[in-house]
>>> print(open('start-v5.txt').read())   # compact mmCIF, C-alpha atoms and all ligand atoms
# COMPACT_ATOMS: atom_id res chain seq x y z
CA MET A 1 115.65 89.98 105.69
CA ASN A 2 116.97 87.38 103.30
CA PRO A 3 120.70 88.04 102.65
CA ALA A 4 120.43 86.47 99.18
CA LEU A 5 118.20 89.38 98.16
CA LEU A 6 120.86 91.87 99.23
CA SER A 7 123.56 90.15 97.18
CA LEU A 8 121.15 90.08 94.26
CA ALA A 9 120.70 93.87 94.58
CA ARG A 10 124.48 94.43 94.62
CA GLN A 11 124.90 92.18 91.61
CA LEU A 12 122.17 94.01 89.68
CA ASP A 13 123.71 97.39 90.57
CA SER A 14 127.16 96.39 89.40
CA ALA A 15 125.77 95.11 86.09
CA ASP A 16 123.65 98.26 85.59
CA GLU A 17 124.81 100.18 82.52
CA LEU A 18 122.74 103.22 83.54
CA ALA A 19 124.51 103.50 86.92
CA PRO A 20 126.77 106.43 85.85
CA PHE A 21 123.70 108.65 85.35
CA ARG A 22 123.14 108.81 89.11
CA GLY A 23 126.26 110.98 89.30
CA GLU A 24 124.63 113.53 87.00
CA PHE A 25 122.24 114.47 89.81
CA HIS A 26 122.85 116.68 92.83
CA LEU A 27 123.07 114.30 95.82
CA PRO A 28 123.80 116.40 98.92
CA ASP A 29 122.84 113.46 101.18
CA PRO A 30 123.99 110.28 99.43
CA THR A 31 122.39 108.16 102.16
CA LEU A 32 118.91 109.54 101.50
CA ILE A 33 116.74 106.91 99.81
CA TYR A 34 114.58 108.99 97.53
CA LEU A 35 111.53 107.14 96.25
CA ASP A 36 109.45 110.11 95.20
CA GLY A 37 110.80 110.80 91.72
CA ASN A 38 107.25 110.31 90.46
CA SER A 39 106.17 113.41 92.41
CA LEU A 40 109.27 115.61 92.19
CA GLY A 41 112.32 114.38 90.30
CA ARG A 42 115.84 115.01 91.61
CA LEU A 43 117.86 118.07 90.62
CA PRO A 44 120.14 117.49 87.60
CA ARG A 45 123.60 119.04 88.09
CA GLY A 46 123.26 120.57 84.64
CA ALA A 47 120.26 122.59 85.83
CA VAL A 48 122.35 124.16 88.61
CA THR A 49 124.90 125.67 86.23
CA LEU A 50 122.33 126.51 83.57
CA LEU A 51 120.14 128.46 85.99
CA ALA A 52 123.08 130.30 87.56
CA GLU A 53 124.20 131.40 84.11
CA LEU A 54 120.74 132.29 82.90
CA VAL A 55 120.00 134.39 85.98
CA GLU A 56 123.26 136.33 85.91
CA GLN A 57 124.08 136.60 82.25
CA GLY A 58 120.63 136.26 80.71
CA TRP A 59 118.29 138.09 83.03
CA GLY A 60 120.99 140.24 84.65
CA GLY A 61 123.11 140.97 81.59
CA ARG A 62 120.93 140.77 78.52
CA LEU A 63 117.74 142.07 80.15
CA ILE A 64 114.98 142.80 77.59
CA ARG A 65 117.41 141.99 74.74
CA GLY A 66 117.22 138.33 75.82
CA TRP A 67 113.77 137.96 74.26
CA ASN A 68 115.07 139.02 70.85
CA GLU A 69 118.26 137.03 70.91
CA GLY A 70 116.48 133.94 69.75
CA TRP A 71 116.51 131.16 72.20
CA TRP A 72 114.15 132.37 74.95
CA MET A 73 111.15 132.25 72.63
CA GLU A 74 112.29 128.95 71.12
CA LEU A 75 112.55 127.10 74.41
CA GLN A 76 108.96 125.91 74.50
CA THR A 77 109.14 124.21 71.12
CA ARG A 78 112.77 123.09 71.38
CA ILE A 79 112.16 121.25 74.67
CA GLY A 80 108.78 120.08 73.35
CA ASP A 81 110.55 118.40 70.41
CA LYS A 82 112.85 116.61 72.84
CA ILE A 83 109.93 115.38 74.96
CA ALA A 84 108.35 114.18 71.70
CA ARG A 85 111.32 111.82 71.30
CA LEU A 86 110.53 110.34 74.74
CA THR A 87 106.81 109.92 74.07
CA GLY A 88 106.55 108.52 70.56
CA ALA A 89 105.51 111.83 68.99
CA SER A 90 107.02 113.82 66.11
CA ALA A 91 108.78 117.17 66.09
CA GLY A 92 106.22 119.99 66.11
CA GLU A 93 103.64 117.99 68.08
CA ILE A 94 104.62 118.90 71.67
CA ILE A 95 105.04 122.31 73.26
CA ILE A 96 105.84 123.43 76.82
CA ALA A 97 103.11 125.59 78.34
CA ASP A 98 101.28 126.43 81.56
CA SER A 99 100.52 123.60 84.02
CA THR A 100 99.13 120.13 83.37
CA SER A 101 95.75 121.15 84.82
CA ILE A 102 95.50 124.19 82.55
CA ASN A 103 96.62 122.28 79.48
CA LEU A 104 94.01 119.64 80.23
CA TYR A 105 91.38 122.37 80.43
CA LYS A 106 92.44 123.82 77.10
CA LEU A 107 92.53 120.50 75.27
CA ALA A 108 89.36 118.99 76.76
CA HIS A 109 87.52 122.19 75.90
CA ALA A 110 88.96 122.12 72.37
CA ALA A 111 87.95 118.46 71.99
CA LEU A 112 84.28 119.26 72.71
CA ARG A 113 84.43 121.93 70.04
CA LEU A 114 85.92 119.46 67.57
CA ARG A 115 82.94 117.12 68.10
CA PRO A 116 79.87 119.39 67.86
CA GLY A 117 76.60 117.71 68.77
CA ARG A 118 78.33 115.29 71.18
CA ALA A 119 78.05 116.12 74.86
CA LYS A 120 79.71 113.32 76.82
CA ILE A 121 83.21 113.02 78.27
CA VAL A 122 84.29 109.56 79.46
CA THR A 123 86.98 109.01 82.10
CA ASP A 124 87.57 106.67 85.06
CA ASP A 125 87.79 106.84 88.83
CA LEU A 126 91.54 106.11 88.78
CA ASN A 127 92.19 109.47 87.15
CA PHE A 128 94.00 112.23 89.04
CA PRO A 129 91.53 114.35 91.04
CA SER A 130 92.67 117.63 89.45
CA ASP A 131 91.80 116.13 86.05
CA LEU A 132 88.31 115.28 87.29
CA TYR A 133 87.86 118.74 88.80
CA ILE A 134 88.86 120.39 85.51
CA LEU A 135 86.46 118.15 83.57
CA GLN A 136 83.67 118.90 86.05
CA GLY A 137 84.27 122.63 85.54
CA ILE A 138 84.16 122.25 81.75
CA CYS A 139 80.89 120.37 82.04
CA ARG A 140 79.39 123.18 84.12
CA GLN A 141 80.50 125.72 81.52
CA THR A 142 79.45 123.83 78.40
CA GLY A 143 76.56 121.62 79.49
CA ALA A 144 78.53 118.46 78.66
CA ALA A 145 78.18 115.43 80.95
CA LEU A 146 81.04 113.61 82.67
CA HIS A 147 80.82 109.82 82.79
CA ILE A 148 83.24 108.32 85.36
CA VAL A 149 83.75 104.59 84.82
CA PRO A 150 84.67 102.72 88.02
CA SER A 151 87.65 100.42 88.27
CA ALA A 152 86.73 96.95 89.51
CA ASP A 153 89.44 96.79 92.20
CA GLY A 154 90.91 100.29 92.52
CA ILE A 155 94.15 99.03 90.97
CA HIS A 156 93.47 98.04 87.36
CA GLY A 157 91.77 100.03 84.62
CA ASN A 158 88.55 98.61 83.23
CA PRO A 159 88.76 98.65 79.41
CA PRO A 160 85.52 96.64 78.83
CA ALA A 161 83.53 99.09 80.98
CA LEU A 162 85.17 102.03 79.21
CA ALA A 163 84.31 100.48 75.85
CA ALA A 164 80.70 100.10 76.95
CA ALA A 165 80.56 103.77 78.01
CA LEU A 166 81.73 105.06 74.61
CA ASP A 167 78.78 105.87 72.36
CA GLN A 168 77.56 108.16 69.60
CA ASP A 169 77.21 111.01 72.11
CA THR A 170 80.83 110.75 73.33
CA ALA A 171 83.13 113.56 72.28
CA LEU A 172 86.15 112.58 74.35
CA LEU A 173 87.80 109.72 76.22
CA THR A 174 90.36 111.06 78.68
CA LEU A 175 92.51 108.94 81.00
CA SER A 176 95.77 108.98 82.87
CA HIS A 177 98.05 106.74 80.82
CA THR A 178 99.70 105.56 84.05
CA VAL A 179 97.40 106.06 87.02
CA PHE A 180 98.73 107.93 90.02
CA LYS A 181 97.78 105.53 92.81
CA SER A 182 98.42 102.00 91.58
CA GLY A 183 100.74 102.69 88.65
CA TYR A 184 98.49 100.72 86.26
CA THR A 185 99.31 101.66 82.65
CA TYR A 186 96.63 101.62 79.96
CA ASP A 187 97.12 100.11 76.52
CA MET A 188 97.06 103.43 74.69
CA ALA A 189 96.60 101.96 71.21
CA ALA A 190 93.73 99.69 72.22
CA LEU A 191 91.80 102.41 74.09
CA THR A 192 92.42 105.00 71.38
CA GLY A 193 91.13 102.50 68.81
CA LEU A 194 87.94 102.01 70.84
CA ALA A 195 87.40 105.76 71.17
CA HIS A 196 87.96 106.33 67.46
CA ALA A 197 85.55 103.53 66.57
CA ALA A 198 82.87 105.45 68.50
CA GLY A 199 83.85 108.69 66.73
CA ALA A 200 85.39 110.19 69.88
CA LEU A 201 88.78 111.83 70.47
CA THR A 202 91.34 110.79 73.11
CA LEU A 203 93.18 113.00 75.60
CA TRP A 204 95.91 111.24 77.58
CA ASP A 205 97.50 112.52 80.78
CA LEU A 206 101.12 111.36 80.62
CA SER A 207 102.24 112.81 83.97
CA HIS A 208 103.23 109.45 85.48
CA SER A 209 104.51 107.99 82.20
CA ALA A 210 106.71 110.60 80.53
CA GLY A 211 110.34 109.67 81.06
CA SER A 212 109.73 106.21 82.53
CA VAL A 213 107.21 104.27 80.44
CA PRO A 214 107.16 103.99 76.64
CA VAL A 215 104.36 106.18 75.29
CA PRO A 216 103.28 105.38 71.72
CA LEU A 217 101.50 108.66 70.89
CA ASN A 218 101.92 108.43 67.12
CA ALA A 219 101.74 104.65 66.82
CA ALA A 220 98.48 104.68 68.83
CA ARG A 221 97.09 107.55 66.70
CA ALA A 222 96.44 109.43 69.97
CA ASP A 223 94.77 112.79 69.38
CA LEU A 224 95.69 114.92 72.38
CA ALA A 225 97.87 114.62 75.48
CA VAL A 226 99.23 116.60 78.42
CA GLY A 227 101.86 115.86 81.07
CA CYS A 228 104.06 117.11 83.89
CA THR A 229 107.75 117.86 83.57
CA TYR A 230 108.54 117.93 87.30
CA LYS A 231 108.08 114.17 87.87
CA TYR A 232 110.21 111.64 85.96
CA LEU A 233 111.45 114.40 83.63
CA ASN A 234 113.22 116.13 86.57
CA GLY A 235 112.24 119.66 85.49
CA GLY A 236 111.97 121.21 88.98
CA PRO A 237 109.19 122.08 91.43
CA GLY A 238 106.16 123.46 89.58
CA ALA A 239 107.97 123.38 86.24
CA PRO A 240 105.72 124.20 83.26
CA ALA A 241 103.91 121.26 81.67
CA PHE A 242 103.66 120.05 78.07
CA LEU A 243 100.85 119.40 75.65
CA TYR A 244 100.58 117.31 72.50
CA ILE A 245 98.28 117.67 69.51
CA ARG A 246 98.59 115.26 66.61
CA GLN A 247 99.89 117.10 63.56
CA ASP A 248 96.82 116.74 61.34
CA LEU A 249 94.48 118.08 64.06
CA GLN A 250 96.45 121.19 64.91
CA HIS A 251 94.86 123.52 62.36
CA ALA A 252 91.37 122.71 63.66
CA VAL A 253 92.02 123.10 67.40
CA HIS A 254 90.72 126.22 69.16
CA ASN A 255 92.39 127.47 72.33
CA PRO A 256 89.69 128.50 74.82
CA ILE A 257 92.07 131.02 76.44
CA THR A 258 93.15 133.20 73.53
CA GLY A 259 96.03 135.41 74.61
CA TRP A 260 98.67 137.35 72.75
CA ILE A 261 101.44 134.72 72.83
CA GLY A 262 99.13 132.36 70.89
CA GLN A 263 98.31 135.13 68.42
CA ASP A 264 99.74 134.88 64.92
CA ALA A 265 101.72 138.14 65.23
CA PRO A 266 101.83 139.19 68.91
CA PHE A 267 104.19 142.11 68.31
CA ASP A 268 101.93 143.72 65.71
CA PHE A 269 99.64 144.55 68.64
CA GLY A 270 96.58 144.25 66.38
CA LEU A 271 93.20 144.43 68.09
CA ASP A 272 91.78 141.13 66.84
CA TYR A 273 92.82 137.62 67.74
CA ARG A 274 94.05 135.40 64.95
CA PRO A 275 95.48 132.01 66.00
CA ALA A 276 99.14 131.27 65.32
CA PRO A 277 99.75 128.31 63.01
CA GLY A 278 100.46 124.93 64.59
CA LEU A 279 100.93 124.32 68.29
CA ARG A 280 101.78 127.91 69.17
CA ARG A 281 98.07 128.70 69.09
CA MET A 282 97.74 126.82 72.38
CA LEU A 283 99.92 129.35 74.21
CA THR A 284 98.30 132.17 76.14
CA GLY A 285 100.67 134.44 78.04
CA THR A 286 104.39 135.07 78.48
CA PRO A 287 106.31 131.88 79.31
CA GLY A 288 108.41 131.63 82.51
CA ILE A 289 111.88 131.49 80.96
CA LEU A 290 113.78 130.39 84.09
CA SER A 291 111.44 127.53 84.90
CA THR A 292 111.11 126.49 81.26
CA ALA A 293 114.87 126.46 80.69
CA ALA A 294 115.36 124.33 83.81
CA ILE A 295 113.43 121.46 82.17
CA GLU A 296 115.99 120.82 79.45
CA PRO A 297 118.94 119.32 81.41
CA GLY A 298 116.75 116.57 82.91
CA VAL A 299 115.21 115.75 79.53
CA ASP A 300 118.70 115.61 77.95
CA LEU A 301 119.80 113.07 80.57
CA LEU A 302 116.79 110.85 79.82
CA LEU A 303 117.48 111.07 76.07
CA ALA A 304 121.11 110.11 76.67
CA ALA A 305 120.07 107.16 78.85
CA GLY A 306 117.51 106.07 76.24
CA LEU A 307 113.93 105.24 77.05
CA GLU A 308 114.33 101.59 76.11
CA ARG A 309 117.11 101.10 78.64
CA LEU A 310 115.22 103.12 81.25
CA ARG A 311 112.12 100.96 80.81
CA LYS A 312 114.17 97.78 81.00
CA LYS A 313 115.74 98.90 84.27
CA SER A 314 112.43 100.17 85.66
CA LEU A 315 110.83 96.77 85.06
CA ALA A 316 113.82 94.96 86.55
CA GLN A 317 113.51 97.22 89.62
CA THR A 318 109.76 96.82 90.09
CA ASP A 319 110.18 93.03 89.57
CA TYR A 320 112.94 93.01 92.17
CA PHE A 321 110.86 94.99 94.65
CA ILE A 322 107.92 92.64 94.12
CA GLN A 323 110.28 89.79 95.07
CA LEU A 324 111.17 91.68 98.26
CA TYR A 325 107.50 92.28 98.89
CA GLN A 326 106.62 88.62 98.52
CA ALA A 327 109.48 87.42 100.71
CA GLU A 328 109.50 90.05 103.45
CA LEU A 329 106.61 92.52 103.31
CA ALA A 330 103.49 90.46 102.60
CA PRO A 331 104.17 88.41 105.77
CA ARG A 332 104.23 91.69 107.73
CA GLY A 333 100.78 92.82 106.63
CA TYR A 334 101.61 94.84 103.51
CA ALA A 335 99.48 94.43 100.39
CA LEU A 336 100.67 95.25 96.87
CA ASN A 337 98.22 97.66 95.22
CA SER A 338 99.94 97.64 91.84
CA PRO A 339 99.67 95.35 88.81
CA LEU A 340 101.68 92.13 88.83
CA ASP A 341 101.49 92.05 85.04
CA ALA A 342 104.68 93.83 83.92
CA SER A 343 103.14 95.03 80.65
CA ARG A 344 100.53 97.01 82.61
CA ARG A 345 102.94 98.38 85.23
CA GLY A 346 104.32 101.91 85.42
CA SER A 347 107.42 102.84 87.41
CA HIS A 348 105.94 103.23 90.87
CA LEU A 349 104.54 100.66 93.26
CA SER A 350 101.84 101.16 95.85
CA LEU A 351 101.92 99.33 99.14
CA ALA A 352 98.94 99.35 101.45
CA HIS A 353 99.08 98.63 105.16
CA PRO A 354 96.48 99.27 107.87
CA GLU A 355 99.14 101.40 109.62
CA GLY A 356 100.23 102.97 106.30
CA TYR A 357 100.19 106.60 107.38
CA GLY A 358 102.27 106.00 110.51
CA ILE A 359 104.68 103.81 108.55
CA ASP A 360 105.09 106.55 105.96
CA LEU A 361 105.93 109.11 108.66
CA ALA A 362 108.35 106.72 110.38
CA LEU A 363 110.13 106.17 107.03
CA ILE A 364 110.52 109.92 106.60
CA HIS A 365 111.44 110.92 110.14
CA GLU A 366 113.46 107.95 111.36
CA MET A 367 114.65 106.00 108.35
CA ASN A 368 115.89 108.63 105.87
CA VAL A 369 113.57 107.23 103.20
CA LEU A 370 111.29 109.59 101.26
CA PRO A 371 108.29 107.84 99.73
CA ASP A 372 104.92 109.51 99.39
CA PHE A 373 101.51 108.73 100.69
CA ARG A 374 98.09 108.72 99.08
CA PRO A 375 95.08 108.23 101.34
CA PRO A 376 93.68 106.13 102.80
CA ASP A 377 96.61 103.73 103.20
CA ASN A 378 98.86 103.81 100.10
CA ILE A 379 102.62 104.19 100.49
CA ARG A 380 103.87 104.95 96.99
CA LEU A 381 107.40 104.03 96.03
CA GLY A 382 108.45 105.96 92.94
CA ILE A 383 111.31 104.23 91.17
CA ALA A 384 113.23 106.56 88.86
CA PRO A 385 115.54 104.22 86.94
CA ILE A 386 117.89 107.05 86.01
CA TYR A 387 119.04 107.42 89.63
CA THR A 388 117.39 104.77 91.85
CA THR A 389 119.62 101.80 92.74
CA PHE A 390 118.62 98.21 93.49
CA THR A 391 120.43 98.44 96.84
CA GLU A 392 118.24 101.41 97.78
CA LEU A 393 115.19 99.25 97.08
CA TYR A 394 116.57 96.50 99.31
CA GLU A 395 117.23 99.04 102.06
CA ALA A 396 113.77 100.57 101.72
CA ALA A 397 112.13 97.15 102.05
CA SER A 398 114.33 96.33 105.02
CA ARG A 399 113.28 99.56 106.77
CA LEU A 400 109.60 98.95 105.92
CA ALA A 401 110.02 95.59 107.67
CA GLN A 402 111.80 97.11 110.69
CA ILE A 403 109.04 99.68 111.20
CA VAL A 404 106.44 96.94 111.44
CA ASP A 405 108.62 94.66 113.59
CA GLY A 406 109.38 97.49 116.03
CA ARG A 407 105.85 99.00 115.81
CA LEU A 408 107.50 102.35 115.08
CA TYR A 409 104.28 103.63 113.44
CA GLU A 410 102.49 103.84 116.78
CA LYS A 411 103.72 107.24 117.81
CA TYR A 412 102.54 108.83 114.53
CA ARG A 413 98.89 107.89 114.94
CA GLY A 414 96.78 111.01 114.45
CA ALA A 415 99.65 113.13 113.05
CA GLN A 416 98.84 115.45 110.11
CA VAL A 417 101.11 117.02 107.48
CA ALA A 418 100.17 119.32 104.61
CA VAL A 419 101.99 117.97 101.55
CA THR A 420 102.32 114.22 101.34
C1 LIG B 1 100.90 115.30 88.96
C2 LIG B 1 99.70 115.23 88.10
C3 LIG B 1 99.01 116.39 87.73
C4 LIG B 1 99.43 117.72 88.29
O1 LIG B 1 98.88 118.80 87.64
P1 LIG B 1 99.42 120.27 87.94
O2 LIG B 1 98.59 121.12 87.10
O3 LIG B 1 100.88 120.28 87.64
O4 LIG B 1 99.24 120.53 89.40
C5 LIG B 1 97.95 116.26 86.86
N1 LIG B 1 97.56 115.04 86.39
C6 LIG B 1 98.20 113.91 86.76
C7 LIG B 1 97.77 112.60 86.21
C8 LIG B 1 99.28 113.97 87.62
O5 LIG B 1 99.91 112.86 87.99
>>> encode(input="start-v5.txt", output="C-alpha cells")
Amino acid sequence: MNPALLSLARQLDSADELAPFRGEFHLPDPTLIYLDGNSLGRLPRGAVTLLAELVEQGWGGRLIRGWNEGWWMELQTRIGDKIARLTGASAGEIIIADSTSINLYKLAHAALRLRPGRAKIVTDDLNFPSDLYILQGICRQTGAALHIVPSADGIHGNPPALAAALDQDTALLTLSHTVFKSGYTYDMAALTGLAHAAGALTLWDLSHSAGSVPVPLNAARADLAVGCTYKYLNGGPGAPAFLYIRQDLQHAVHNPITGWIGQDAPFDFGLDYRPAPGLRRMLTGTPGILSTAAIEPGVDLLLAAGLERLRKKSLAQTDYFIQLYQAELAPRGYALNSPLDASRRGSHLSLAHPEGYGIDLALIHEMNVLPDFRPPDNIRLGIAPIYTTFTELYEAASRLAQIVDGRLYEKYRGAQVAVT
C-alpha cells in the first residue's frame, strides 16, 4: 500500500469539519470499520436516551394518555417535515408510514388510478427486487403491464431506453433514484420531465439517496416518492419508511388500503370511510410510536451537518476510495462497478471480484470490516459521511488487498449466510 495515500487520508480527516459528528454515534467498538450505513445506519446516541425515556415515562408512565398528549400522533408529520428538508420537498409533503415496500404499493396503485385508461408501468432492471415484486403484484391485481428497461452494463441507468419506453399508454415511471447495486444516481429532473412529456407520473424510491445525496423533489416536479429511514437516515432496524406526494396532487390520491388512521375522523367511529385531507389519507393503521420516535435523532444530526456538506464529503470520500482502487485494488483483480462520473454517483461503491463472496466473509470474520454483499460478486462499501472517516477507507482498502495477497478467501468457498 502506498504510504502517501495514508497521509492523504489523515490530512483529509484532520481538515474534515464534519468530524465531530462521529462522536454523536454509539461506537462500542471504535476499531470496527463499518461500511454498511447504506443498509443499516449506526445508532445515534440521542436515540438511546430518547427511547429509554419514551419506554419508561411515555409507555410506562403515561400509558393510554400518551396518545392524547399531543406529540405521539404528530410524530409522523413532524419527522416527515424534517425529511422534506433533506429531500428538496416542502412541509406537508412527506409523512412517516409503514415500510418502503408497502408505501410503494400504495403510491403505485394510486398512480394507476390517477391515469385511467393507461395500463403500463415503466421501470428498469437496476431497481430493488422488492420494488419489482410489488409492481408485479399490482399488475396481477389491476391488469396493468410492467415494462422493465435493461441497463446496458448493469452499472449505469439507461435514460434513452427509458425515454423510448414511455408512451401514451404509460401511467407511471418508477425508479430507484440511487440504485442499490452500483450506486448510480438518476437525473431526477430530466427523467421526470420525460415522464411528464408522455403524460405519465413519476414515483421515486429514495432509499439509497435520502440523507446522502441531494434529492430535488420539488425542483424536479416529482410526483410521488418513497424511502427508507433505516439506511443513511440512521432510524434503526426496520424503522418505518416515508412517502412523498407533491402538494397539488394530494387531494386526488386514493389510498388502496383504507384504514381508520387515514380516515378523516377516526375517533368518531363512523361506519363509512372518508379520506383525511392531505397526506394523512395515506395512513392505514396505528403507527409504531417507539420505532417512529427513534427516527428523529438521526434525522436531526443530518440536518445539523447539512446536506450540502454531507454531499461534499461523500464525494471526496468516494473520489478518495476510487484513487485507492486504481492504485491498489485494480491490480489485485478488483473491478469498480460504480460510476466514475461524480455527478451520477451515490454514496456507496461496488467492487466486484471473482472471489468476492469469500473476500466479503474474510473482511467480516478476520478483518473487523463490515461491508455488505450483493450476488453474484459485488462487495458494497457504504460510505456514510456523517461518521465514516478517510482513514477507515484507507484501512478497508488495505485489508481488501491483504485478503487477496494472502488468499484468505479460500477457506470461505461454499459458505452460506442468511443476511448479507
Ligand atoms: C432497502 C430498500 C428497500 C427496502 O424496503 P423495505 O420495505 O424496508 O424492506 C426498498 N427499496 C429500495 C430501493 C431499497 O434500497
>>> atom_distance(input="start-v5.txt", atom1="atom CA of A:Ile403", atom2="atom CA of A:Leu8")
22.9 Å
>>> residues_near_ligand(input="start-v5.txt", ligand="ligand LIG 1 (chain B)", cutoff="6 Å", atoms="all atoms listed in the file", output="ChimeraX atom specification")
/A:99-101,128,131,176,180,205,207-208,228
>>> write_last_selection(input="start-v5.txt", atoms="C-alpha atoms", output="PDB file, in the coordinates of the input")
ATOM      1  CA  SER A  99     100.520 123.600  84.020  1.00  0.00           C
ATOM      2  CA  THR A 100      99.130 120.130  83.370  1.00  0.00           C
ATOM      3  CA  SER A 101      95.750 121.150  84.820  1.00  0.00           C
ATOM      4  CA  PHE A 128      94.000 112.230  89.040  1.00  0.00           C
ATOM      5  CA  ASP A 131      91.800 116.130  86.050  1.00  0.00           C
ATOM      6  CA  SER A 176      95.770 108.980  82.870  1.00  0.00           C
ATOM      7  CA  PHE A 180      98.730 107.930  90.020  1.00  0.00           C
ATOM      8  CA  ASP A 205      97.500 112.520  80.780  1.00  0.00           C
ATOM      9  CA  SER A 207     102.240 112.810  83.970  1.00  0.00           C
ATOM     10  CA  HIS A 208     103.230 109.450  85.480  1.00  0.00           C
ATOM     11  CA  CYS A 228     104.060 117.110  83.890  1.00  0.00           C
TER      12      CYS A 228
END
>>> residues_around(input="start-v5.txt", residues="A:His109", least_positions_apart="4", cutoff="8 Å", atoms="all atoms listed in the file", output="PDB file with C-alpha atoms, keeping the file's coordinate frame")
ATOM      1  CA  TYR A 105      91.380 122.370  80.430  1.00  0.00           C
ATOM      2  CA  ARG A 113      84.430 121.930  70.040  1.00  0.00           C
ATOM      3  CA  ILE A 138      84.160 122.250  81.750  1.00  0.00           C
ATOM      4  CA  PRO A 256      89.690 128.500  74.820  1.00  0.00           C
TER       5      PRO A 256
END
>>> closest_atom_pairs(input="start-v5.txt", of="stretch 128-213 of chain A", to="stretch 281-304 of chain A", cutoff="12 Å", atoms="only C-alpha atoms", output="Markdown table")
| residue | atom | partner | partner_atom | distance |
| --- | --- | --- | --- | --- |
| A:Ala210 | CA | A:Val299 | CA | 10.0 |
| A:Gly211 | CA | A:Leu302 | CA | 6.7 |
| A:Ser212 | CA | A:Leu302 | CA | 8.9 |
| A:Val213 | CA | A:Leu302 | CA | 11.6 |
>>> residues_around(input="start-v5.txt", residues="A:Gly37", least_positions_apart="6", cutoff="6 Å", atoms="all atoms listed in the file", output="number ranges by chain")
A: 231-232, 382, 384
>>> write_last_selection(input="start-v5.txt", atoms="C-alpha atoms", output="mmCIF file, keeping the file's coordinate frame")
data_model
loop_
_atom_site.group_PDB
_atom_site.id
_atom_site.type_symbol
_atom_site.label_atom_id
_atom_site.label_comp_id
_atom_site.auth_asym_id
_atom_site.auth_seq_id
_atom_site.Cartn_x
_atom_site.Cartn_y
_atom_site.Cartn_z
ATOM 1 C CA LYS A 231 108.080 114.170 87.870
ATOM 2 C CA TYR A 232 110.210 111.640 85.960
ATOM 3 C CA GLY A 382 108.450 105.960 92.940
ATOM 4 C CA ALA A 384 113.230 106.560 88.860
#
>>> atom_distance(input="start-v5.txt", atom1="atom CA of A:Gln263", atom2="atom CA of A:Met73")
13.8 Å
>>> atom_distance(input="start-v5.txt", atom1="atom CA of A:Thr202", atom2="atom CA of A:Ala171")
8.7 Å
>>> closest_atom_pairs(input="start-v5.txt", of="stretch 20-110 of chain A", to="stretch 390-395 of chain A", cutoff="12 Å", atoms="all atoms listed in the file", output="JSON lines")
{"residue": "A:Pro30", "atom": "CA", "partner": "A:Glu392", "partner_atom": "CA", "distance": 10.7}
{"residue": "A:Thr31", "atom": "CA", "partner": "A:Glu392", "partner_atom": "CA", "distance": 9.1}
{"residue": "A:Leu32", "atom": "CA", "partner": "A:Glu392", "partner_atom": "CA", "distance": 9.0}
{"residue": "A:Ile33", "atom": "CA", "partner": "A:Glu392", "partner_atom": "CA", "distance": 6.1}
{"residue": "A:Tyr34", "atom": "CA", "partner": "A:Glu392", "partner_atom": "CA", "distance": 8.4}
{"residue": "A:Leu35", "atom": "CA", "partner": "A:Leu393", "partner_atom": "CA", "distance": 8.7}
>>> closest_residue(input="start-v5.txt", among="A:Asp372, A:Thr389, A:Met367, A:Ser90", to="A:Phe321", atoms="all atoms listed in the file")
A:Thr389
>>> closest_residue(input="start-v5.txt", among="A:Gly358, A:Gly46, A:Pro150, A:Gly262", to="A:Tyr412", atoms="all atoms listed in the file")
A:Gly358
>>> residues_around(input="start-v5.txt", residues="A:Leu114", least_positions_apart="2", cutoff="8 Å", atoms="all atoms listed in the file", output="PyMOL selection string")
chain A and resi 110-112+116+252-253
>>> residues_near_point(input="start-v5.txt", point="(88.0, 119.5, 85.0)", cutoff="12 Å", atoms="all atoms listed in the file", output="PyMOL selection string")
chain A and resi 100-109+121-123+127-142+144-146+174
>>> residues_near_point(input="start-v5.txt", point="(103.6, 93.9, 94.5)", cutoff="12 Å", atoms="all atoms listed in the file", output="ChimeraX atom specification")
/A:155,182-184,317-330,334-342,345,348-352,379-381,397
>>> write_last_selection(input="start-v5.txt", atoms="C-alpha atoms", output="short mmCIF file (atom, residue, chain, number, x, y, z; two decimals), in the frame of the given file")
data_model
loop_
_atom_site.label_atom_id
_atom_site.label_comp_id
_atom_site.auth_asym_id
_atom_site.auth_seq_id
_atom_site.Cartn_x
_atom_site.Cartn_y
_atom_site.Cartn_z
CA ILE A 155 94.15 99.03 90.97
CA SER A 182 98.42 102.00 91.58
CA GLY A 183 100.74 102.69 88.65
CA TYR A 184 98.49 100.72 86.26
CA GLN A 317 113.51 97.22 89.62
CA THR A 318 109.76 96.82 90.09
CA ASP A 319 110.18 93.03 89.57
CA TYR A 320 112.94 93.01 92.17
CA PHE A 321 110.86 94.99 94.65
CA ILE A 322 107.92 92.64 94.12
CA GLN A 323 110.28 89.79 95.07
CA LEU A 324 111.17 91.68 98.26
CA TYR A 325 107.50 92.28 98.89
CA GLN A 326 106.62 88.62 98.52
CA ALA A 327 109.48 87.42 100.71
CA GLU A 328 109.50 90.05 103.45
CA LEU A 329 106.61 92.52 103.31
CA ALA A 330 103.49 90.46 102.60
CA TYR A 334 101.61 94.84 103.51
CA ALA A 335 99.48 94.43 100.39
CA LEU A 336 100.67 95.25 96.87
CA ASN A 337 98.22 97.66 95.22
CA SER A 338 99.94 97.64 91.84
CA PRO A 339 99.67 95.35 88.81
CA LEU A 340 101.68 92.13 88.83
CA ASP A 341 101.49 92.05 85.04
CA ALA A 342 104.68 93.83 83.92
CA ARG A 345 102.94 98.38 85.23
CA HIS A 348 105.94 103.23 90.87
CA LEU A 349 104.54 100.66 93.26
CA SER A 350 101.84 101.16 95.85
CA LEU A 351 101.92 99.33 99.14
CA ALA A 352 98.94 99.35 101.45
CA ILE A 379 102.62 104.19 100.49
CA ARG A 380 103.87 104.95 96.99
CA LEU A 381 107.40 104.03 96.03
CA ALA A 397 112.13 97.15 102.05
#
>>> closest_residue(input="start-v5.txt", among="A:Ile94, A:Ala47, A:Ala9, A:Ala200", to="A:Arg115", atoms="all atoms listed in the file")
A:Ala200
>>> closest_residue(input="start-v5.txt", among="A:Ala4, A:Thr388, A:Arg10, A:Ile96", to="A:Leu75", atoms="only C-alpha atoms")
A:Ile96
>>> residues_around(input="start-v5.txt", residues="A:Asp272", least_positions_apart="2", cutoff="10 Å", atoms="all atoms listed in the file", output="mmCIF file with C-alpha atoms, keeping the file's coordinate frame")
data_model
loop_
_atom_site.group_PDB
_atom_site.id
_atom_site.type_symbol
_atom_site.label_atom_id
_atom_site.label_comp_id
_atom_site.auth_asym_id
_atom_site.auth_seq_id
_atom_site.Cartn_x
_atom_site.Cartn_y
_atom_site.Cartn_z
ATOM 1 C CA TRP A 260 98.670 137.350 72.750
ATOM 2 C CA GLN A 263 98.310 135.130 68.420
ATOM 3 C CA PHE A 269 99.640 144.550 68.640
ATOM 4 C CA GLY A 270 96.580 144.250 66.380
ATOM 5 C CA ARG A 274 94.050 135.400 64.950
ATOM 6 C CA PRO A 275 95.480 132.010 66.000
#
